[in-house]
Structures are given as C-alpha cells and as structure tokens.
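Structure record follows, encoded as structure tokens.
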Amino acid sequence: MKNKILWPLLGVCLLLVASCQKEPQPVKVTGITVNPTSLSLTEGDSADLTATVSPSNADNQSVTWDSNDKSVATVSNGKVTALKAGSTSITVKSVDGGFTASCAVTVVAKTVDVSSVTLSKSELTLTEGESETITATVKPDDATDKTVSWSSSDPAVATVDGGKITAVKEGTATITAKAGDKTATCKVTVEKKVIAVESVELDKTELELTEGGSATLVATVKPDNATDKTVTWTSSDLEVATVDGGVVTAVKEGTATITAKAGDKTAACEVTVKKNTVAVESVELDKSELELAEGESATLVATVKPDDATDKTVTWSSSDPEIATVDGGVVTAVKGGTATITASAGDKTATCAVTVKADEHPLAALFGDYTFYSLVLGVNEKDEDAFMYGNWDMKISPYEGNPSRIWIDKVTIFQAPDVYGRLLSEGDVYADVSEDMKTITIPVPQTVKSTAEEGFDEKEPFILYLFDENFDAVTTPSVITFTLQEDGKWKTEDNYGFSTKSAVKEDQDIYFYFLNCFGGVSIYYPTYFVKNEDAAAQSKLSPARTVSVGRSLSNRGAVRPPLRAGALAPGK
C-alpha cells in the first residue's frame, strides 16, 4: 500500500523538475562581409569572392549572390565572370537576417593586337603636284586599336596625310603606314611636271644695222617656270644677217627675218642692213696701268667711239707675251717684268702698262754663282808630286716647270793655271732639292759634255767613277746625295771623280779629276762650296796653292797627274 503511494509521488516530482528547466534558443546571423571588396577583370576572365557570416557559429550560414549589371559580369556561388567592359557591383546577402556586403567590379576590354597591315598599292607614280589616296587594311577585324599612322621618308619629294599622297618634286620616297607594331610601305616615284612654253617675246621687232655692225636681241620665254626655256635662233637670209645666241651681225645690204623659237612658240624681228661706213674716232681703256702677280689675270674693257661706228671690232696685243699675254681683253701675267697691252679699233689705239710681280722661287736662296776651293793631286812647276790648289766655277739657276729642281750649269773644273789636264764641263746637269733645302740629290750618270787639254782626245767623254778601292764606274741609275752640315758646308758620304777611257793604262794607273762637289769627305781632298757674293767666307776657305806631299808615284806620265788604283783611296 505504501509503495503504491510512493511511485505516483515520484512521477509527479520528476514532472515538476522537468517543467522548471528552459528550452535552448537558436544562434542568429548578426552581419556579413565579402573579400575582396573591389575587383578588376579582363573580358572573359573570372575570379572567386569569399563571403563571411558573423558570428561564425550562426545556425544559418546560407547566403545569396547577385550582380546589379549582369551584362558586365555575372556571379554564381561567389565566382564572378567578366562579360564586357564596364562596371558593376556584386552583392552577397545572408539568408538569416538579410545582411549584405558588396564588391565593386571593373571589367576592362580584352586587347587584341594588330597582326598585319596591307596597302591598296605598293608602288605609285605621280607627277609633281598630283595627289592620290591609298587605303590601309588592318587585321584582325577585332583588333583593339586599328589606328593607322602615316609617314614619308622624304617629305621634300612626297607628303602623306591620312593616306593621301601628294607629289612635291622629282625623286623617290617611301610612304609607310603603321598600326600597332606592324607596317606596310608604298614606293612613290615623282616625275617632273612638264610645263609647256606659252609665249616668246623679243625686245625688238625691228632692227636697222649697217654692214659689219651687230646688235643683241633678248628673248623672254613665258611662263617663268617652263620646263625647257631653250631658245633657238635662225635667220631667213644668212647672206644678209646672221644670228648666234641672239647676237645679230649684219653681212650685206638687204633684209632678213630673225626668228627666236622656244618649244612650239616663236617671235620674229625684221632686220634691215644698210651700207653706211662710220669710222672709229677713239678707243679708251678702263685702266691705263695694271699690276699683277705671276699667274693672275685681269680684264681690260675697251670703249670704242662713236657708238655707231661701222666696225667696232677690237684687236688686242702685248709688247712682250713672255711677260703678259692678252686674249679678248683678259690679261694674264706670265713672269716678272713689264709689258704694254694695246687695244686697236680701226686706226685708233689705247694702251695699258702692265707690271708683273715675280713670285719668289722657293729655292731662291740657292741661286747664284759659286766657287769650289779644293786641293787636287797635280804636278807643280818644279816637276814634283804635290797637292795643287784649284778652283771650280758653277752657277745654280731654276729648272723650268719644277720648283724643287735646279740647274747646275756653267761648270768649270780645275781652272788653276798650274794644273795639267784641265777639264771644262758645261751644264746640263740638274739636281733635286728637298723641301727643307738641306738635301740635294743628283741623278747619275748624267751626260757630261766636256773638253780636255793636253793629252786628252778632243771632246773625249768623261766617265763618272766612285772613288773607292775598286774605282767603280757609275753606270746604273742612282743618285749622289749631299746634305747640309751645321757649319754650312755640303757633304756627301761618297767621293766621286771623272776619268776618260784613255786615262786607264796597262799598269792600271788611273787618272782622276775629282768632283767631290759639295763637301770634303776625304781628308786628302777637302772641297769648299762658297757663294761668290760671300767674300769673307771665300777668303777664309782659300788654302795655300801648292803643298808638297813628299810621295813618289811611279809612271807619272807627261801631262797627267798619276794615281795608282787604291793608292790614295779614303782612309789610306
């Protein structure tokens, strides 16, 4: 009985306890965010947006997506797809509570590069002043930037503006069309525009001349820019009047028509020629005196009076054409000096005194008369072997046509009266002088025209020898070189002499007349080269006339001073 009562009471208690506890409440959404909040896409590209619901433990995490301009971009489950250039806003919204967040989306157009440019013409020929338009085609059709820029390689020949090509002047130019980094070209050839002659006019339509007289007609061709303004002249009767370049010359009495033609246009002048001789009364020159340098020219102008003189022809002459020449009044200076230029017309004359100033020759310092003082082997009056004092004379003058060359002429060798076998040698020997005038070279062998006294055949040719141990004759082309020393003397490294065939005997005694012209190489044969005008230097260099050497030489010979081969060679 007691248990029966407890069990129902226990149940009632449990119900009371259960009714005292609260039922759990749901977690609501309080906000939403989206990442990123801004987005830039190119047409056709896509990107994902992420939505975050707050709090993170909200019971309902569901969201919805939307685009406010679905033509620009669409959205599905947060994935945004760009459709075309423009802007839109993508909105995400929580299902619970309706909270929203948005992302600003910018869609840029997709860039399509130019793949090619072509022109409607690749070559074009135009005449100066003409124009023609060519077109450019840019591919592909949907290229983002199809703008075409135009340029000319030579705007002075042809210009271009928006495809319109204008020819400027004769020549060639390349027209270039460019789109993106692609180009196309057209070669333009511009031909000269032919402008025809429209008219020809003469300054005179009538002309009266006397026989022998002349006058000049002037033709004017229009337009000024005519392509060919060449004028040709003709006479209807060459026996009455001739014409040359517009100059009409009366031949004999009568009439003739002078015609000037340019292109297909002509103009004419009627010429009447009469007999009426008018004598020349005077001739005057614009200058009575004239000074010129060698090579210069000047023009003299002669005025013949009266103006209607029948024959006003002027003839010109020079009193000395070697000083100055004249041709048609043009006076040309030839060389230093004075000359008179005469202009004659009829029986009247006028003169002009011309003074030509000579150019100073670059080798003027070398020109003049010289004497060589030398000791030579000879025989003195006592019939003893001796070194004899002798002198040579020489003159240096300019070589025509070559400013670096001199003549060595009027040479007398061994002029001392007490030296047997005197050799006289006259020119034509030349030498070349260096620019600094410190070196003289003589081409050898050169022909020596010479004569010898006593014991030599008349006009026997002399041979040039090199004075060394072998006494070699100089027969091959070479030069003797002389250099100017610090003491003012000229020196050659070799010693030379002249000999004749008859001077060589069976015992090999060789008789030399030494020509160590410009210096003393051998101590045995010193030679001094002195300009005659330098008297002081000349006196200092004069040695004693006879110096005995105390040397016995065999086979001396009757008239020639002997020298055995090698006996007195340099260094002996």
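Every chain in the structure tokens takes a letter, A first, then B, and so on in the order presented; its residues are numbered from 1, and the ligands are numbered from 1 following the presented order.
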Please list as a ChimeraX atom specification every residue within 9 Å of Val34 of chain A, counting only C-alpha atoms and excluding residues in the same chain fewer than 2 positions away.
/A:32,36-37,49-52,91-92,100-103
How would the residues just chosen look if you wrote them out with N, CA, C and O atoms as a JSON list (two decimals), in the first residue's frame?
```
[["chain", "number", "residue", "atom", "x", "y", "z"],
["A", 32, "ILE", "N", 27.58, 40.30, -42.22],
["A", 32, "ILE", "CA", 28.24, 39.56, -43.30],
["A", 32, "ILE", "C", 29.29, 40.46, -43.97],
["A", 32, "ILE", "O", 29.10, 41.67, -44.07],
["A", 36, "PRO", "N", 37.45, 39.90, -52.00],
["A", 36, "PRO", "CA", 37.80, 41.30, -51.80],
["A", 36, "PRO", "C", 36.60, 42.20, -51.98],
["A", 36, "PRO", "O", 35.56, 41.76, -52.46],
["A", 37, "THR", "N", 36.77, 43.48, -51.65],
["A", 37, "THR", "CA", 35.68, 44.44, -51.79],
["A", 37, "THR", "C", 35.72, 45.15, -53.14],
["A", 37, "THR", "O", 34.78, 45.85, -53.47],
["A", 49, "LEU", "N", 34.87, 35.25, -55.07],
["A", 49, "LEU", "CA", 34.68, 36.11, -53.92],
["A", 49, "LEU", "C", 34.36, 35.22, -52.72],
["A", 49, "LEU", "O", 33.70, 34.18, -52.85],
["A", 50, "THR", "N", 34.79, 35.63, -51.54],
["A", 50, "THR", "CA", 34.53, 34.86, -50.31],
["A", 50, "THR", "C", 33.64, 35.67, -49.37],
["A", 50, "THR", "O", 33.97, 36.82, -49.04],
["A", 51, "ALA", "N", 32.48, 35.04, -48.94],
["A", 51, "ALA", "CA", 31.56, 35.70, -48.00],
["A", 51, "ALA", "C", 31.77, 35.10, -46.61],
["A", 51, "ALA", "O", 31.88, 33.89, -46.45],
["A", 52, "THR", "N", 31.82, 35.98, -45.59],
["A", 52, "THR", "CA", 32.00, 35.53, -44.20],
["A", 52, "THR", "C", 30.80, 36.02, -43.37],
["A", 52, "THR", "O", 30.53, 37.24, -43.30],
["A", 91, "THR", "N", 26.69, 41.67, -55.02],
["A", 91, "THR", "CA", 26.15, 41.73, -53.65],
["A", 91, "THR", "C", 25.94, 40.32, -53.11],
["A", 91, "THR", "O", 25.39, 39.45, -53.80],
["A", 92, "VAL", "N", 26.38, 40.12, -51.85],
["A", 92, "VAL", "CA", 26.14, 38.86, -51.16],
["A", 92, "VAL", "C", 25.19, 39.17, -49.98],
["A", 92, "VAL", "O", 25.38, 40.17, -49.28],
["A", 100, "THR", "N", 23.87, 42.32, -45.91],
["A", 100, "THR", "CA", 24.51, 42.36, -47.25],
["A", 100, "THR", "C", 25.91, 42.94, -47.18],
["A", 100, "THR", "O", 26.25, 43.70, -46.28],
["A", 101, "ALA", "N", 26.69, 42.55, -48.18],
["A", 101, "ALA", "CA", 28.03, 43.13, -48.43],
["A", 101, "ALA", "C", 28.24, 43.14, -49.94],
["A", 101, "ALA", "O", 27.64, 42.32, -50.65],
["A", 102, "SER", "N", 29.06, 44.06, -50.43],
["A", 102, "SER", "CA", 29.21, 44.17, -51.90],
["A", 102, "SER", "C", 30.69, 44.31, -52.30],
["A", 102, "SER", "O", 31.52, 44.74, -51.51],
["A", 103, "CYS", "N", 30.94, 43.96, -53.56],
["A", 103, "CYS", "CA", 32.28, 44.07, -54.18],
["A", 103, "CYS", "C", 32.13, 44.84, -55.48],
["A", 103, "CYS", "O", 31.32, 44.47, -56.35]]
```
Would you kindly return, as a PyMOL selection string, each protein, DNA or RNA residue with an atom no farther than 7 Å from any atom of Asp203 of chain A, considering only C-alpha atoms and excluding same-chain residues fewer than 5 positions away?
chain A and resi 217-219
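Taking only C-alpha atoms into account, Thr259 of chain A lies nearest to A:Gly246 out of the set A:Gly246, A:Gly401, A:Gly98, A:Gly212.
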